[in-house]
Amino acid sequence: MAGVSGVGQVTRRWARSRSARAAVAVGALAVLVAGCSQAPEPQPQPQAPASPAPGAPNQLTIWLTGYSWQDNTPPGSSVVGEPVLHKEAGGQGTFADPITVAVPGHEGAMAWQPGTKFYLPSVQRYVIVEDSGAAKQPAGTDTHLDMWIDGQDGTKQATDDCENTFTGRVPAQVNPPDNLPVMAGPIFANQKCNVPPQAADMGSYDASGGDSGGDNSGGGDSGSSHHSHHSDN
């Protein structure tokens, strides 16, 4: 009978051990379930703002003026300080052959890099930065573009009058697309100013302070309604 009793004891110890192992397993499972139930739910990530479409035009309000053979520096020349497409000031106003413009500043410190293109809807021309020495823009505008009008066949009075026609605060696009309306040709040619009809509210040149200060190296025509460009050469 002692042997039977020993077997019974072993059986009971094995049963208790199995029960203990089961209890441990159940406890571990409960801890795992509890841990999972307390884990924070993933939060939705904020969406990054959409980037502008590549090549989207940048809209500006600019101060537009003009310079010609008669009021370039030196007078009677088409010399430019930062040639890119043209060895001398020129252009037809198309995307492929934009007209030369000057911007504020001088070599090494220009408001816009040589070769920068703009579109000017008020005169329906593409223009390109190829010169410097323009005056600082007046308040309320983003930059000053001084546009070459040619005018070799015109008088000083005629080219001044042409420049006065389009001088003022006007819209512009920097890095524009190539499919915008163009009135191709020099601004002044065949003794005529070739620009579309202009708005009546483009602003007063005198109110801008003229071109006697800012970045212009040579003074300018304060009191006139156009800007005499001053080249670096």
# chains A, B, ... in the order shown; residues from 1 in each chain; ligands from 1

$ residues_around --residues "Glu88 in chain A" --least-positions-apart "6" --cutoff "8 Å" --atoms "only C-alpha atoms" --output "JSON, numbers by chain"
{"A": [78, 79, 80]}

$ residues_around --residues "Phe188 in chain A" --least-positions-apart "3" --cutoff "9 Å" --atoms "only C-alpha atoms" --output "list in words"
Ser68, Ile149, Asp150, Gly151, Gln152, Asp153, Gly154, Thr159, Cys162, Gly185, Gln191, Lys192, Cys193, Asn194 and Val195 of chain A

$ write_last_selection --atoms "N, CA and C atoms" --output "PDB file, in the first residue's frame"
ATOM      1  N   SER A  68      16.620 104.500 -74.112  1.00  0.00           N
ATOM      2  CA  SER A  68      16.749 104.440 -75.566  1.00  0.00           C
ATOM      3  C   SER A  68      18.157 104.831 -76.004  1.00  0.00           C
ATOM      4  N   ILE A 149      14.057 100.528 -75.445  1.00  0.00           N
ATOM      5  CA  ILE A 149      13.027 100.750 -76.462  1.00  0.00           C
ATOM      6  C   ILE A 149      13.621 100.935 -77.862  1.00  0.00           C
ATOM      7  N   ASP A 150      14.943 100.952 -77.978  1.00  0.00           N
ATOM      8  CA  ASP A 150      15.619 101.212 -79.252  1.00  0.00           C
ATOM      9  C   ASP A 150      15.460 102.703 -79.570  1.00  0.00           C
ATOM     10  N   GLY A 151      14.747 103.068 -80.640  1.00  0.00           N
ATOM     11  CA  GLY A 151      14.534 104.482 -80.935  1.00  0.00           C
ATOM     12  C   GLY A 151      15.669 105.161 -81.651  1.00  0.00           C
ATOM     13  N   GLN A 152      16.527 104.373 -82.315  1.00  0.00           N
ATOM     14  CA  GLN A 152      17.662 104.971 -83.020  1.00  0.00           C
ATOM     15  C   GLN A 152      17.204 105.951 -84.101  1.00  0.00           C
ATOM     16  N   ASP A 153      16.018 105.679 -84.676  1.00  0.00           N
ATOM     17  CA  ASP A 153      15.523 106.554 -85.751  1.00  0.00           C
ATOM     18  C   ASP A 153      14.618 107.665 -85.240  1.00  0.00           C
ATOM     19  N   GLY A 154      14.519 107.829 -83.925  1.00  0.00           N
ATOM     20  CA  GLY A 154      13.629 108.845 -83.372  1.00  0.00           C
ATOM     21  C   GLY A 154      14.382 109.990 -82.743  1.00  0.00           C
ATOM     22  N   THR A 159      11.232 109.706 -78.332  1.00  0.00           N
ATOM     23  CA  THR A 159      11.496 108.528 -77.493  1.00  0.00           C
ATOM     24  C   THR A 159      11.109 108.791 -76.039  1.00  0.00           C
ATOM     25  N   CYS A 162       7.441 108.267 -75.840  1.00  0.00           N
ATOM     26  CA  CYS A 162       7.119 106.845 -75.861  1.00  0.00           C
ATOM     27  C   CYS A 162       7.336 106.218 -74.487  1.00  0.00           C
ATOM     28  N   GLY A 185       8.479  92.969 -81.897  1.00  0.00           N
ATOM     29  CA  GLY A 185       9.161  94.103 -82.513  1.00  0.00           C
ATOM     30  C   GLY A 185       9.683  95.064 -81.471  1.00  0.00           C
ATOM     31  N   GLN A 191       9.918 105.479 -86.326  1.00  0.00           N
ATOM     32  CA  GLN A 191       9.448 106.734 -85.744  1.00  0.00           C
ATOM     33  C   GLN A 191       8.071 106.596 -85.084  1.00  0.00           C
ATOM     34  N   LYS A 192       7.835 105.433 -84.503  1.00  0.00           N
ATOM     35  CA  LYS A 192       6.540 105.167 -83.878  1.00  0.00           C
ATOM     36  C   LYS A 192       6.729 104.376 -82.598  1.00  0.00           C
ATOM     37  N   CYS A 193       5.895 104.668 -81.594  1.00  0.00           N
ATOM     38  CA  CYS A 193       5.890 103.930 -80.326  1.00  0.00           C
ATOM     39  C   CYS A 193       4.923 102.763 -80.453  1.00  0.00           C
ATOM     40  N   ASN A 194       5.447 101.544 -80.379  1.00  0.00           N
ATOM     41  CA  ASN A 194       4.654 100.353 -80.662  1.00  0.00           C
ATOM     42  C   ASN A 194       4.284  99.609 -79.382  1.00  0.00           C
ATOM     43  N   VAL A 195       3.273 100.116 -78.703  1.00  0.00           N
ATOM     44  CA  VAL A 195       2.756  99.474 -77.497  1.00  0.00           C
ATOM     45  C   VAL A 195       1.227  99.490 -77.548  1.00  0.00           C
TER      46      VAL A 195
END

$ closest_atom_pairs --of "range 125-214 of chain A" --to "range 96-101 of chain A" --cutoff "8 Å" --atoms "only C-alpha atoms" --output "JSON lines"
{"residue": "A:Arg125", "atom": "CA", "partner": "A:Pro98", "partner_atom": "CA", "distance": 7.2}
{"residue": "A:Tyr126", "atom": "CA", "partner": "A:Pro98", "partner_atom": "CA", "distance": 4.8}
{"residue": "A:Val127", "atom": "CA", "partner": "A:Ile99", "partner_atom": "CA", "distance": 4.4}
{"residue": "A:Ile128", "atom": "CA", "partner": "A:Thr100", "partner_atom": "CA", "distance": 5.2}
{"residue": "A:Val129", "atom": "CA", "partner": "A:Val101", "partner_atom": "CA", "distance": 5.0}
{"residue": "A:Glu130", "atom": "CA", "partner": "A:Thr100", "partner_atom": "CA", "distance": 5.6}
{"residue": "A:Asp131", "atom": "CA", "partner": "A:Val101", "partner_atom": "CA", "distance": 6.1}
{"residue": "A:Leu145", "atom": "CA", "partner": "A:Val101", "partner_atom": "CA", "distance": 6.0}
{"residue": "A:Asp146", "atom": "CA", "partner": "A:Val101", "partner_atom": "CA", "distance": 5.2}
{"residue": "A:Met147", "atom": "CA", "partner": "A:Val101", "partner_atom": "CA", "distance": 4.3}
{"residue": "A:Trp148", "atom": "CA", "partner": "A:Thr100", "partner_atom": "CA", "distance": 5.6}
{"residue": "A:Pro186", "atom": "CA", "partner": "A:Ile99", "partner_atom": "CA", "distance": 7.9}

$ closest_residue --among "A:Phe166, A:Ala184, A:Ala200, A:Pro176" --to "Leu64 in chain A" --atoms "only C-alpha atoms"
A:Phe166

$ select_by_dssp --residues "range 64-167 of chain A" --states "alpha helix (DSSP H)" --output "VMD selection string"
chain A and resid 156 to 166

$ atom_distance --atom1 "CA of Pro75 in chain A" --atom2 "CA of Asp160 in chain A"
13.3 Å

$ residues_around --residues "Gln198 in chain A" --least-positions-apart "4" --cutoff "9 Å" --atoms "only C-alpha atoms" --output "mmCIF file with N, CA, C and O atoms, in the first residue's frame"
data_model
loop_
_atom_site.group_PDB
_atom_site.id
_atom_site.type_symbol
_atom_site.label_atom_id
_atom_site.label_comp_id
_atom_site.auth_asym_id
_atom_site.auth_seq_id
_atom_site.Cartn_x
_atom_site.Cartn_y
_atom_site.Cartn_z
ATOM 1 N N SER A 122 1.469 94.612 -70.037
ATOM 2 C CA SER A 122 1.080 95.971 -70.435
ATOM 3 C C SER A 122 1.668 96.364 -71.786
ATOM 4 O O SER A 122 1.094 97.181 -72.504
ATOM 5 N N VAL A 123 2.816 95.785 -72.140
ATOM 6 C CA VAL A 123 3.404 96.055 -73.454
ATOM 7 C C VAL A 123 3.459 94.799 -74.326
ATOM 8 O O VAL A 123 3.946 94.837 -75.455
ATOM 9 N N THR A 165 4.666 106.927 -72.064
ATOM 10 C CA THR A 165 3.398 106.239 -72.317
ATOM 11 C C THR A 165 3.219 105.019 -71.424
ATOM 12 O O THR A 165 2.119 104.768 -70.906
ATOM 13 N N PHE A 166 4.283 104.246 -71.219
ATOM 14 C CA PHE A 166 4.131 102.974 -70.490
ATOM 15 C C PHE A 166 4.762 102.991 -69.098
ATOM 16 O O PHE A 166 4.717 101.991 -68.386
ATOM 17 N N MET A 202 -1.549 104.071 -63.830
ATOM 18 C CA MET A 202 -0.311 103.330 -63.564
ATOM 19 C C MET A 202 0.565 103.992 -62.519
ATOM 20 O O MET A 202 1.611 103.461 -62.159
#

$ atom_distance --atom1 "CA of Glu82 in chain A" --atom2 "CA of Pro104 in chain A"
12.5 Å

$ decode --residues "range 64-89 of chain A" --atoms "N, CA and C atoms" --output "PDB file, in the first residue's frame"
ATOM      1  N   LEU A  64       7.860 100.031 -64.162  1.00  0.00           N
ATOM      2  CA  LEU A  64       8.385  99.893 -65.517  1.00  0.00           C
ATOM      3  C   LEU A  64       8.739 101.256 -66.084  1.00  0.00           C
ATOM      4  N   THR A  65       9.956 101.373 -66.601  1.00  0.00           N
ATOM      5  CA  THR A  65      10.393 102.575 -67.304  1.00  0.00           C
ATOM      6  C   THR A  65      11.108 102.138 -68.576  1.00  0.00           C
ATOM      7  N   GLY A  66      11.606 103.116 -69.340  1.00  0.00           N
ATOM      8  CA  GLY A  66      12.313 102.784 -70.567  1.00  0.00           C
ATOM      9  C   GLY A  66      13.551 103.627 -70.768  1.00  0.00           C
ATOM     10  N   TYR A  67      14.471 103.096 -71.568  1.00  0.00           N
ATOM     11  CA  TYR A  67      15.629 103.887 -71.995  1.00  0.00           C
ATOM     12  C   TYR A  67      15.916 103.586 -73.462  1.00  0.00           C
ATOM     13  N   SER A  68      16.620 104.500 -74.112  1.00  0.00           N
ATOM     14  CA  SER A  68      16.749 104.440 -75.566  1.00  0.00           C
ATOM     15  C   SER A  68      18.157 104.831 -76.004  1.00  0.00           C
ATOM     16  N   TRP A  69      18.346 104.864 -77.307  1.00  0.00           N
ATOM     17  CA  TRP A  69      19.604 105.369 -77.874  1.00  0.00           C
ATOM     18  C   TRP A  69      19.891 106.775 -77.364  1.00  0.00           C
ATOM     19  N   GLN A  70      18.845 107.578 -77.207  1.00  0.00           N
ATOM     20  CA  GLN A  70      19.042 108.983 -76.864  1.00  0.00           C
ATOM     21  C   GLN A  70      19.389 109.209 -75.388  1.00  0.00           C
ATOM     22  N   ASP A  71      18.940 108.321 -74.475  1.00  0.00           N
ATOM     23  CA  ASP A  71      19.211 108.570 -73.059  1.00  0.00           C
ATOM     24  C   ASP A  71      19.943 107.416 -72.377  1.00  0.00           C
ATOM     25  N   ASN A  72      20.574 106.558 -73.164  1.00  0.00           N
ATOM     26  CA  ASN A  72      21.475 105.570 -72.589  1.00  0.00           C
ATOM     27  C   ASN A  72      22.748 106.286 -72.126  1.00  0.00           C
ATOM     28  N   THR A  73      23.623 105.577 -71.461  1.00  0.00           N
ATOM     29  CA  THR A  73      24.928 106.118 -71.094  1.00  0.00           C
ATOM     30  C   THR A  73      26.002 105.218 -71.692  1.00  0.00           C
ATOM     31  N   PRO A  74      26.784 105.700 -72.658  1.00  0.00           N
ATOM     32  CA  PRO A  74      26.750 107.069 -73.198  1.00  0.00           C
ATOM     33  C   PRO A  74      25.600 107.244 -74.180  1.00  0.00           C
ATOM     34  N   PRO A  75      25.114 108.483 -74.371  1.00  0.00           N
ATOM     35  CA  PRO A  75      24.036 108.731 -75.335  1.00  0.00           C
ATOM     36  C   PRO A  75      24.455 108.304 -76.745  1.00  0.00           C
ATOM     37  N   GLY A  76      23.460 107.902 -77.523  1.00  0.00           N
ATOM     38  CA  GLY A  76      23.730 107.472 -78.881  1.00  0.00           C
ATOM     39  C   GLY A  76      24.375 106.107 -78.959  1.00  0.00           C
ATOM     40  N   SER A  77      24.094 105.231 -77.987  1.00  0.00           N
ATOM     41  CA  SER A  77      24.671 103.891 -77.982  1.00  0.00           C
ATOM     42  C   SER A  77      23.642 102.881 -77.475  1.00  0.00           C
ATOM     43  N   SER A  78      23.955 101.610 -77.705  1.00  0.00           N
ATOM     44  CA  SER A  78      23.107 100.525 -77.189  1.00  0.00           C
ATOM     45  C   SER A  78      23.928  99.600 -76.297  1.00  0.00           C
ATOM     46  N   VAL A  79      24.969 100.136 -75.691  1.00  0.00           N
ATOM     47  CA  VAL A  79      25.845  99.326 -74.857  1.00  0.00           C
ATOM     48  C   VAL A  79      25.109  98.819 -73.618  1.00  0.00           C
ATOM     49  N   VAL A  80      25.421  97.581 -73.206  1.00  0.00           N
ATOM     50  CA  VAL A  80      24.847  97.008 -71.985  1.00  0.00           C
ATOM     51  C   VAL A  80      25.971  96.468 -71.115  1.00  0.00           C
ATOM     52  N   GLY A  81      25.695  96.338 -69.827  1.00  0.00           N
ATOM     53  CA  GLY A  81      26.720  95.898 -68.884  1.00  0.00           C
ATOM     54  C   GLY A  81      26.779  94.402 -68.660  1.00  0.00           C
ATOM     55  N   GLU A  82      25.665  93.675 -68.908  1.00  0.00           N
ATOM     56  CA  GLU A  82      25.595  92.249 -68.591  1.00  0.00           C
ATOM     57  C   GLU A  82      24.991  91.472 -69.760  1.00  0.00           C
ATOM     58  N   PRO A  83      25.632  91.477 -70.940  1.00  0.00           N
ATOM     59  CA  PRO A  83      25.039  90.812 -72.104  1.00  0.00           C
ATOM     60  C   PRO A  83      24.845  89.317 -71.880  1.00  0.00           C
ATOM     61  N   VAL A  84      23.719  88.806 -72.365  1.00  0.00           N
ATOM     62  CA  VAL A  84      23.415  87.373 -72.279  1.00  0.00           C
ATOM     63  C   VAL A  84      23.078  86.852 -73.668  1.00  0.00           C
ATOM     64  N   LEU A  85      21.927  87.277 -74.219  1.00  0.00           N
ATOM     65  CA  LEU A  85      21.546  86.892 -75.578  1.00  0.00           C
ATOM     66  C   LEU A  85      22.035  87.896 -76.605  1.00  0.00           C
ATOM     67  N   HIS A  86      22.187  89.140 -76.193  1.00  0.00           N
ATOM     68  CA  HIS A  86      22.530  90.222 -77.117  1.00  0.00           C
ATOM     69  C   HIS A  86      23.851  90.856 -76.704  1.00  0.00           C
ATOM     70  N   LYS A  87      24.710  91.115 -77.668  1.00  0.00           N
ATOM     71  CA  LYS A  87      25.956  91.823 -77.382  1.00  0.00           C
ATOM     72  C   LYS A  87      25.684  93.290 -77.080  1.00  0.00           C
ATOM     73  N   GLU A  88      24.614  93.820 -77.675  1.00  0.00           N
ATOM     74  CA  GLU A  88      24.140  95.162 -77.375  1.00  0.00           C
ATOM     75  C   GLU A  88      22.641  95.079 -77.102  1.00  0.00           C
ATOM     76  N   ALA A  89      22.087  96.097 -76.453  1.00  0.00           N
ATOM     77  CA  ALA A  89      20.655  96.073 -76.115  1.00  0.00           C
ATOM     78  C   ALA A  89      19.816  95.846 -77.359  1.00  0.00           C
TER      79      ALA A  89
END
